[in-house]
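Asker: For reference, the structure I am asking about is given below.
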2 protein chains.
Amino acid sequence: MLTNDLPRYEILDEAALGELERGWRRIVSELGIEFLYEEALDYFRKAGQDVDGQLVKFDPDWILEQVAKAPAEFTLQARNPERSVPIGGKNMVFSAVYGCPFVREGLERRDATYDDFQNLVRLSQSYPQLDSPGGTICEPNDLPLDSRHLDMVYALLTLSDKPFMGSVTSGPNAEDTIAMAELVFGKESLEANPAIISLINVNSPLRYDDRMLAALVEYAKRGQATIVTPFLLMGAMSPVSVPATLAQQVGEALAGIALVQTIRPGCPVVFGSFLSNTDMQSGSPSFGTPESAVGLLCTGQIARHYNLPFRGGGALTSSQVVDAQAGYESMMSLWPTFLAGTNFVMHSAGWLESALVSCYEKFVTDVELLRMMYHVFQPLEINEETLAFSAHQEVGQGGHFLGAVHTLERFRECFYRPLVSSTENYERWNRNGGRDTATRANEVWKKTLEDEDTQQRLADNPFRSAVMALDRLHPDDP
Amino acid sequence: MLTNDLPRYEILDEAALGELERGWRRIVSELGIEFLYEEALDYFRKAGQDVDGQLVKFDPDWILEQVAKAPAEFTLQARNPERSVPIGGKNMVFSAVYGCPFVREGLERRDATYDDFQNLVRLSQSYPQLDSPGGTICEPNDLPLDSRHLDMVYALLTLSDKPFMGSVTSGPNAEDTIAMAELVFGKESLEANPAIISLINVNSPLRYDDRMLAALVEYAKRGQATIVTPFLLMGAMSPVSVPATLAQQVGEALAGIALVQTIRPGCPVVFGSFLSNTDMQSGSPSFGTPESAVGLLCTGQIARHYNLPFRGGGALTSSQVVDAQAGYESMMSLWPTFLAGTNFVMHSAGWLESALVSCYEKFVTDVELLRMMYHVFQPLEINEETLAFSAHQEVGQGGHFLGAVHTLERFRECFYRPLVSSTENYERWNRNGGRDTATRANEVWKKTLEDEDTQQRLADNPFRSAVMALDRLHPDDP
């Protein structure tokens, strides 16, 4: 977790924010949003909104009244209390890639399995830059569909002691997630403070589907956090215009957040953004684009305007492999993530190929990026000590600082130390095999997995009895 | 060139700026700076500074008085007047990589030649994101040392009509550069507006060497612009502390700028920054680091404080090849370059392996990064038209925008269109050869060089007679 004490980078003025406000109000009131779930429609009807079939036309002021009930900041419990995290304010919380059907490991690209799922959760547990493994870190295609969500939550709760994301594939699956969390956290504790955060995607444009709504309703009733996220690839799910898409994003997200607050006032909820664009030549989704960077900077400003924690960004790319494009697109997406002070960052590590692939090497490379960005976003302390006049006195003109006392006292910790990056000179690099970043990252994650003795950690864990209870639910599991 | 109308990202408060002010004042007054060139010492002596041998101890207020004479903004002439650029203010000007002894082309790394030099100048001419080929775009090792600077300036003036950087390897070489520029621009025009900008590095810590000073003096006498740049790899040329290094940078740069203003008040001059750190494990220089990003953000703020145009940033990396590290380190360096509103950006394209290598594929990849960053740093217009309510009306709930009238009218120009990046789906990408970024970049630069019919352009150029005069100087040149 990072407390981002650097300034927010804001590019919208009051007039622009006013135009966006006008934009979303018109969308929700004149066009309305469809909710394909009867229980949600009931809530809106009772609250006096204009419900016609599945279409709801909103009073924007009513939406804002509901939104105002949401907390600006809340704590998300972890199984290990030391790893609980505050969501909102200056805090930035990072979770791993989410939702990919495939896995890449070195040169091999294949269907993701439960083994991969477990490995990637273990990797998330290993790196302190990740606050959460997230949820569907990859799709365990080798498990039966009807019980897959149980296996995922089980792995998230036993191989990691960080906060996790719940199942959203249906209402009952959300209930199962809550039941399992109760075993670990206890019913009262879960009621008092959310221990599950779940991704509710809007089926944009202007439609919430039944599965997501059913899950949203279950989590909201139980006071668990949701991230209400319009799914916006401009050109496909929204107009080919960043402002139009931002207005749509606000309207869609605030309507869902209002629903949460109608179900349970004060329930923790996050303003979600997943905003990029379609490549209009190929029709493919495109990530790590300039448009998405701009959209993210604006989203931060908008979410703060409504006093809501927000989600966005990550280490996104369309690249098929861990190459230069994967590196620069991930940075094109991470810089605005940090500049905007994004409170909850999904897809922080492992994302490849427009979210089709969870990649081991990309995972480690992204951890490097996060480590670097954490380092940048620390306030710079300028004072007598850091001005280090004595070092200048010691070295004087034309010398070098390599052997200075000031240097020798600090050389181990003074600079960022890379995980994957190489500064080897060419001859040495060549002698050592001429390995590129992806090759080095492959070695790093294998070593990290070896080192991650999760069982040992679990043995020392205060939640052991709860974990054992979970183990009893899964007698066949190793 | 970019007029950067987005806000500057500033991370220092008044107290921090005050501490830095205190820091550099102490360095220049108590420790002093060595100037290994008699003529420079004469200027300081006459101006009443404390000169003892080659060491000058300064009155910081005198330095600031001189610095105040430098223009906050000036125009740098190009051979093609349409390509002249303003240096300072909100303007960002980009030049190519500078000073590399080696070249990388695909898998081959070798000594750079004059052929490479010419190719890279042609590439710089081709891409509108580059305002200048710079100067020593690579070291033409196959040419004799004593006349090499003439060949370089000749290529810069004939294969490109953009502004160029002059030779700084000695006083006479600077004179030769000026003489050649006179042939092209005419003596009067050159006197009225600089047409040469040259990189004067400080031999940090706290020392200016004779070659650089001789060149600085020549250029200043003739009113040509210089970029006075402390060469600071923390841990080697400065303390292992960003604040200490910033204080040193200010002291060193302002002392050189004061010299320029003493020689010729009002002479255009740029506050230069080349600030990164040593990898304290290997002793190698390290580029695209978090520390250099922070240093660059601070440098922008400092230069604005003294009302000076400033140079910094670029697409820097320590990577040996065009891999993920090359991509993410270049972005780690380009984002702060833009956020700081850097006025003159050297090393914008082609830099590899800590500036040992000018790389063709990196060149094209960096042009992609510049194109993306240009796109991000455009003000977002939010108004009735861009809110595009009609598009929402047209598509409604649950549809898609791919076939909407609003989309069809705009799809060609609505989003950034990549040069090298790929959004191809995996199957198609694989079928097309599974080429990574570096492989695609190789194809792009070869195609660009083929398309760049420089001779044709020169034939239409108003400076043709001047170019012919240069041709007469080089009768053997093709």
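Quick note on naming: the chains in the structure tokens go A, B, ... in the order shown, residues restart at 1 in each chain, and ligands are numbered from 1 in order of appearance.
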Could you find all residues in region 134-307 of chain A that DSSP calls strand (DSSP E) from the backbone, and write them as an MDAnalysis selection string?

Answerer: chainID A and resid 164:165 196:202 207:208 225:234 269:272 274:278 285:286

Asker: May I have the selected residues written with N, CA, C and O atoms, as a short mmCIF file (atom, residue, chain, number, x, y, z; two decimals), in the first residue's frame?

Answerer:
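Produced file again.cif, reproduced below:
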```
data_model
loop_
_atom_site.label_atom_id
_atom_site.label_comp_id
_atom_site.auth_asym_id
_atom_site.auth_seq_id
_atom_site.Cartn_x
_atom_site.Cartn_y
_atom_site.Cartn_z
N PHE A 164 -9.08 -10.11 -0.31
CA PHE A 164 -9.38 -10.80 -1.57
C PHE A 164 -10.67 -10.28 -2.18
O PHE A 164 -11.44 -9.58 -1.54
N MET A 165 -10.88 -10.66 -3.42
CA MET A 165 -12.08 -10.23 -4.14
C MET A 165 -13.03 -11.41 -4.31
O MET A 165 -12.61 -12.53 -4.58
N ILE A 196 -14.61 -8.51 2.07
CA ILE A 196 -14.70 -8.90 0.66
C ILE A 196 -14.92 -7.63 -0.16
O ILE A 196 -15.72 -6.78 0.21
N ILE A 197 -14.17 -7.55 -1.26
CA ILE A 197 -14.43 -6.46 -2.21
C ILE A 197 -14.63 -7.12 -3.57
O ILE A 197 -13.90 -8.05 -3.93
N SER A 198 -15.67 -6.71 -4.29
CA SER A 198 -16.03 -7.45 -5.49
C SER A 198 -16.27 -6.51 -6.66
O SER A 198 -16.75 -5.38 -6.49
N LEU A 199 -15.94 -7.00 -7.84
CA LEU A 199 -16.02 -6.19 -9.04
C LEU A 199 -17.37 -6.36 -9.72
O LEU A 199 -17.69 -7.44 -10.24
N ILE A 200 -18.16 -5.30 -9.72
CA ILE A 200 -19.45 -5.31 -10.42
C ILE A 200 -19.30 -4.49 -11.70
O ILE A 200 -19.17 -3.27 -11.65
N ASN A 201 -19.28 -5.18 -12.84
CA ASN A 201 -19.16 -4.47 -14.11
C ASN A 201 -20.54 -4.08 -14.63
O ASN A 201 -21.49 -4.85 -14.54
N VAL A 202 -20.60 -2.87 -15.17
CA VAL A 202 -21.80 -2.47 -15.89
C VAL A 202 -21.70 -3.08 -17.30
O VAL A 202 -20.62 -3.12 -17.89
N ARG A 207 -26.62 -0.40 -19.22
CA ARG A 207 -27.33 -1.62 -18.84
C ARG A 207 -26.54 -2.38 -17.76
O ARG A 207 -25.33 -2.56 -17.87
N TYR A 208 -27.26 -2.78 -16.71
CA TYR A 208 -26.72 -3.69 -15.70
C TYR A 208 -27.36 -5.05 -15.93
O TYR A 208 -28.60 -5.14 -16.00
N ALA A 225 -17.93 -4.64 0.36
CA ALA A 225 -17.63 -3.59 -0.62
C ALA A 225 -17.75 -4.09 -2.05
O ALA A 225 -17.44 -5.24 -2.36
N THR A 226 -18.23 -3.20 -2.92
CA THR A 226 -18.23 -3.49 -4.35
C THR A 226 -17.56 -2.33 -5.10
O THR A 226 -17.49 -1.21 -4.60
N ILE A 227 -17.06 -2.69 -6.27
CA ILE A 227 -16.44 -1.70 -7.16
C ILE A 227 -17.34 -1.63 -8.38
O ILE A 227 -17.35 -2.55 -9.19
N VAL A 228 -18.13 -0.57 -8.47
CA VAL A 228 -19.11 -0.48 -9.56
C VAL A 228 -18.42 0.15 -10.77
O VAL A 228 -18.07 1.33 -10.75
N THR A 229 -18.24 -0.67 -11.81
CA THR A 229 -17.35 -0.27 -12.90
C THR A 229 -18.01 -0.36 -14.27
O THR A 229 -18.21 -1.45 -14.81
N PRO A 230 -18.32 0.79 -14.87
CA PRO A 230 -18.71 0.80 -16.27
C PRO A 230 -17.58 0.19 -17.12
O PRO A 230 -16.41 0.51 -16.91
N PHE A 231 -17.93 -0.70 -18.04
CA PHE A 231 -16.94 -1.38 -18.87
C PHE A 231 -16.93 -0.67 -20.21
O PHE A 231 -17.80 -0.90 -21.06
N LEU A 232 -15.96 0.22 -20.39
CA LEU A 232 -16.04 1.18 -21.49
C LEU A 232 -14.84 1.10 -22.42
O LEU A 232 -13.76 1.61 -22.12
N LEU A 233 -15.02 0.44 -23.54
CA LEU A 233 -14.06 0.54 -24.63
C LEU A 233 -14.67 1.49 -25.65
O LEU A 233 -15.61 1.13 -26.35
N MET A 234 -14.12 2.69 -25.69
CA MET A 234 -14.70 3.72 -26.57
C MET A 234 -14.77 3.19 -28.00
O MET A 234 -13.85 2.56 -28.48
N VAL A 269 -18.43 1.38 -1.00
CA VAL A 269 -18.55 1.16 -2.44
C VAL A 269 -17.50 2.04 -3.13
O VAL A 269 -17.14 3.10 -2.63
N VAL A 270 -17.01 1.55 -4.24
CA VAL A 270 -15.93 2.22 -4.95
C VAL A 270 -16.40 2.62 -6.35
O VAL A 270 -17.04 1.82 -7.03
N PHE A 271 -16.11 3.85 -6.73
CA PHE A 271 -16.38 4.33 -8.09
C PHE A 271 -15.36 3.68 -9.02
O PHE A 271 -14.17 3.94 -8.92
N GLY A 272 -15.82 2.81 -9.91
CA GLY A 272 -14.89 2.08 -10.77
C GLY A 272 -14.77 2.68 -12.16
O GLY A 272 -15.72 3.24 -12.70
N PHE A 274 -13.04 1.56 -15.96
CA PHE A 274 -12.30 0.69 -16.87
C PHE A 274 -12.54 1.28 -18.24
O PHE A 274 -13.53 0.97 -18.89
N LEU A 275 -11.67 2.22 -18.60
CA LEU A 275 -11.94 3.08 -19.75
C LEU A 275 -10.75 3.03 -20.70
O LEU A 275 -9.66 3.50 -20.37
N SER A 276 -10.98 2.43 -21.84
CA SER A 276 -9.94 2.47 -22.87
C SER A 276 -10.63 2.60 -24.22
O SER A 276 -11.79 3.01 -24.27
N ASN A 277 -9.92 2.30 -25.28
CA ASN A 277 -10.57 2.49 -26.57
C ASN A 277 -10.37 1.29 -27.49
O ASN A 277 -9.49 0.46 -27.29
N THR A 278 -11.23 1.22 -28.47
CA THR A 278 -11.11 0.22 -29.52
C THR A 278 -10.11 0.71 -30.55
O THR A 278 -10.06 1.90 -30.83
N PRO A 285 -9.75 -4.41 -28.86
CA PRO A 285 -9.55 -3.51 -27.72
C PRO A 285 -8.08 -3.10 -27.65
O PRO A 285 -7.20 -3.85 -28.08
N SER A 286 -7.85 -1.94 -27.11
CA SER A 286 -6.50 -1.37 -27.10
C SER A 286 -6.23 -0.82 -25.70
O SER A 286 -7.04 -0.06 -25.18
#
```

Asker: Between B:His392, B:Arg431, B:Arg110, B:Arg264, which is the closest to chain A once you count only C-alpha atoms?

Answerer: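 Under the stated criterion, the closest residue is B:His392.
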
Asker: Identify, on the basis of only C-alpha atoms, every residue whose closest approach to Ser333 (chain A) does not exceed 9 Å; exclude the query and any residue fewer than 2 positions from it along the same chain; express the result as a list in words.

Answerer: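 Non-adjacent residues within range: Phe287, Gly288, Thr289, Pro290, Ser292, Ala293, Leu296, Gly313, Gly314, Ala315, Leu316, Thr317, Tyr328, Glu329, Ser330, Met331, Trp335, Pro336 and Thr337 of chain A.
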
Asker: Keeping only N, CA, C and O atoms, write those residues as a JSON list (two decimals), in the first residue's frame.

Answerer:
```json
[["chain", "number", "residue", "atom", "x", "y", "z"],
["A", 287, "PHE", "N", -5.12, -1.24, -25.09],
["A", 287, "PHE", "CA", -4.85, -0.84, -23.71],
["A", 287, "PHE", "C", -3.48, -0.15, -23.58],
["A", 287, "PHE", "O", -2.59, -0.38, -24.39],
["A", 288, "GLY", "N", -3.38, 0.66, -22.53],
["A", 288, "GLY", "CA", -2.17, 1.46, -22.36],
["A", 288, "GLY", "C", -2.10, 2.55, -23.40],
["A", 288, "GLY", "O", -1.05, 2.94, -23.86],
["A", 289, "THR", "N", -3.29, 3.08, -23.76],
["A", 289, "THR", "CA", -3.36, 4.10, -24.81],
["A", 289, "THR", "C", -3.34, 5.51, -24.20],
["A", 289, "THR", "O", -3.64, 5.69, -23.02],
["A", 290, "PRO", "N", -3.00, 6.51, -25.03],
["A", 290, "PRO", "CA", -3.06, 7.89, -24.55],
["A", 290, "PRO", "C", -4.46, 8.27, -24.07],
["A", 290, "PRO", "O", -4.60, 8.95, -23.06],
["A", 292, "SER", "N", -6.74, 6.39, -22.72],
["A", 292, "SER", "CA", -7.05, 5.83, -21.41],
["A", 292, "SER", "C", -6.29, 6.57, -20.32],
["A", 292, "SER", "O", -6.79, 6.71, -19.20],
["A", 293, "ALA", "N", -5.08, 7.05, -20.64],
["A", 293, "ALA", "CA", -4.33, 7.83, -19.66],
["A", 293, "ALA", "C", -5.08, 9.11, -19.31],
["A", 293, "ALA", "O", -5.24, 9.46, -18.13],
["A", 296, "LEU", "N", -8.17, 8.38, -17.25],
["A", 296, "LEU", "CA", -7.87, 8.04, -15.87],
["A", 296, "LEU", "C", -7.60, 9.29, -15.02],
["A", 296, "LEU", "O", -8.08, 9.42, -13.89],
["A", 313, "GLY", "N", -6.94, 2.16, -13.69],
["A", 313, "GLY", "CA", -5.54, 1.92, -14.02],
["A", 313, "GLY", "C", -5.08, 0.50, -13.93],
["A", 313, "GLY", "O", -5.85, -0.44, -14.11],
["A", 314, "GLY", "N", -3.78, 0.33, -13.64],
["A", 314, "GLY", "CA", -3.13, -0.97, -13.65],
["A", 314, "GLY", "C", -1.98, -0.96, -14.64],
["A", 314, "GLY", "O", -1.63, 0.09, -15.18],
["A", 315, "ALA", "N", -1.42, -2.14, -14.86],
["A", 315, "ALA", "CA", -0.29, -2.25, -15.80],
["A", 315, "ALA", "C", -0.81, -2.88, -17.09],
["A", 315, "ALA", "O", -0.53, -4.02, -17.40],
["A", 316, "LEU", "N", -1.57, -2.08, -17.84],
["A", 316, "LEU", "CA", -2.33, -2.60, -18.98],
["A", 316, "LEU", "C", -1.54, -2.54, -20.28],
["A", 316, "LEU", "O", -0.75, -1.62, -20.49],
["A", 317, "THR", "N", -1.78, -3.48, -21.14],
["A", 317, "THR", "CA", -1.14, -3.50, -22.45],
["A", 317, "THR", "C", -1.93, -4.39, -23.40],
["A", 317, "THR", "O", -2.63, -5.31, -22.95],
["A", 328, "TYR", "N", 6.22, -0.22, -22.30],
["A", 328, "TYR", "CA", 5.82, 1.19, -22.39],
["A", 328, "TYR", "C", 4.32, 1.39, -22.23],
["A", 328, "TYR", "O", 3.89, 2.38, -21.66],
["A", 329, "GLU", "N", 3.51, 0.43, -22.67],
["A", 329, "GLU", "CA", 2.07, 0.60, -22.46],
["A", 329, "GLU", "C", 1.71, 0.47, -20.97],
["A", 329, "GLU", "O", 0.84, 1.19, -20.47],
["A", 330, "SER", "N", 2.39, -0.44, -20.28],
["A", 330, "SER", "CA", 2.11, -0.57, -18.84],
["A", 330, "SER", "C", 2.45, 0.72, -18.12],
["A", 330, "SER", "O", 1.74, 1.14, -17.20],
["A", 331, "MET", "N", 3.55, 1.35, -18.53],
["A", 331, "MET", "CA", 3.91, 2.63, -17.91],
["A", 331, "MET", "C", 2.96, 3.73, -18.34],
["A", 331, "MET", "O", 2.66, 4.63, -17.55],
["A", 335, "TRP", "N", 1.63, 5.48, -14.88],
["A", 335, "TRP", "CA", 1.92, 6.86, -14.49],
["A", 335, "TRP", "C", 0.64, 7.63, -14.14],
["A", 335, "TRP", "O", 0.52, 8.18, -13.05],
["A", 336, "PRO", "N", -0.38, 7.64, -15.03],
["A", 336, "PRO", "CA", -1.62, 8.32, -14.62],
["A", 336, "PRO", "C", -2.30, 7.65, -13.43],
["A", 336, "PRO", "O", -2.98, 8.34, -12.66],
["A", 337, "THR", "N", -2.13, 6.33, -13.27],
["A", 337, "THR", "CA", -2.69, 5.65, -12.10],
["A", 337, "THR", "C", -2.18, 6.31, -10.82],
["A", 337, "THR", "O", -2.96, 6.58, -9.89]]
```

Asker: Please, which residues of region 370-445 of chain A, numbered as in this document, come out alpha helix (DSSP H) from DSSP, as a count of residues only?

Answerer: 37

Asker: Per residue of region 200-284 of chain A within 6 Å of region 21-37 of chain A, which atom pair is closest and at what distance in Å (one decimal), using only C-alpha atoms, listed by chain and increasing number, as a Markdown table?

Answerer:
```
| residue | atom | partner | partner_atom | distance |
| --- | --- | --- | --- | --- |
| A:Leu206 | CA | A:Ile33 | CA | 4.6 |
| A:Arg207 | CA | A:Glu34 | CA | 4.5 |
| A:Tyr208 | CA | A:Phe35 | CA | 4.9 |
| A:Asp209 | CA | A:Leu36 | CA | 5.1 |
| A:Asp210 | CA | A:Tyr37 | CA | 4.9 |
| A:Ala247 | CA | A:Trp24 | CA | 4.6 |
| A:Gln248 | CA | A:Trp24 | CA | 5.9 |
| A:Gly251 | CA | A:Trp24 | CA | 4.8 |
```

Asker: Residues at most 9 Å from Ser132 (chain B), counting only C-alpha atoms, excluding those fewer than 3 positions away in the same chain, as a count of residues only?

Answerer: 16

Asker: My list of candidates is B:Glu252, B:Glu175, B:Asp59, B:Glu139. Which is closest to chain A when distances are computed with only C-alpha atoms?

Answerer: B:Glu252

Asker: Mind pulling up the distance from CA of Gly166 (chain B) to CA of Gly223 (chain B)?

Answerer: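 Value for the CA of Gly223 (chain B)-CA of Gly166 (chain B) distance: 13.0 Å.
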
Asker: One number please: CA of Met237 (chain A) to CA of His400 (chain B), in Å, one decimal.

Answerer: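 One can read the CA of Met237 (chain A) to CA of His400 (chain B) distance as 5.4 Å.
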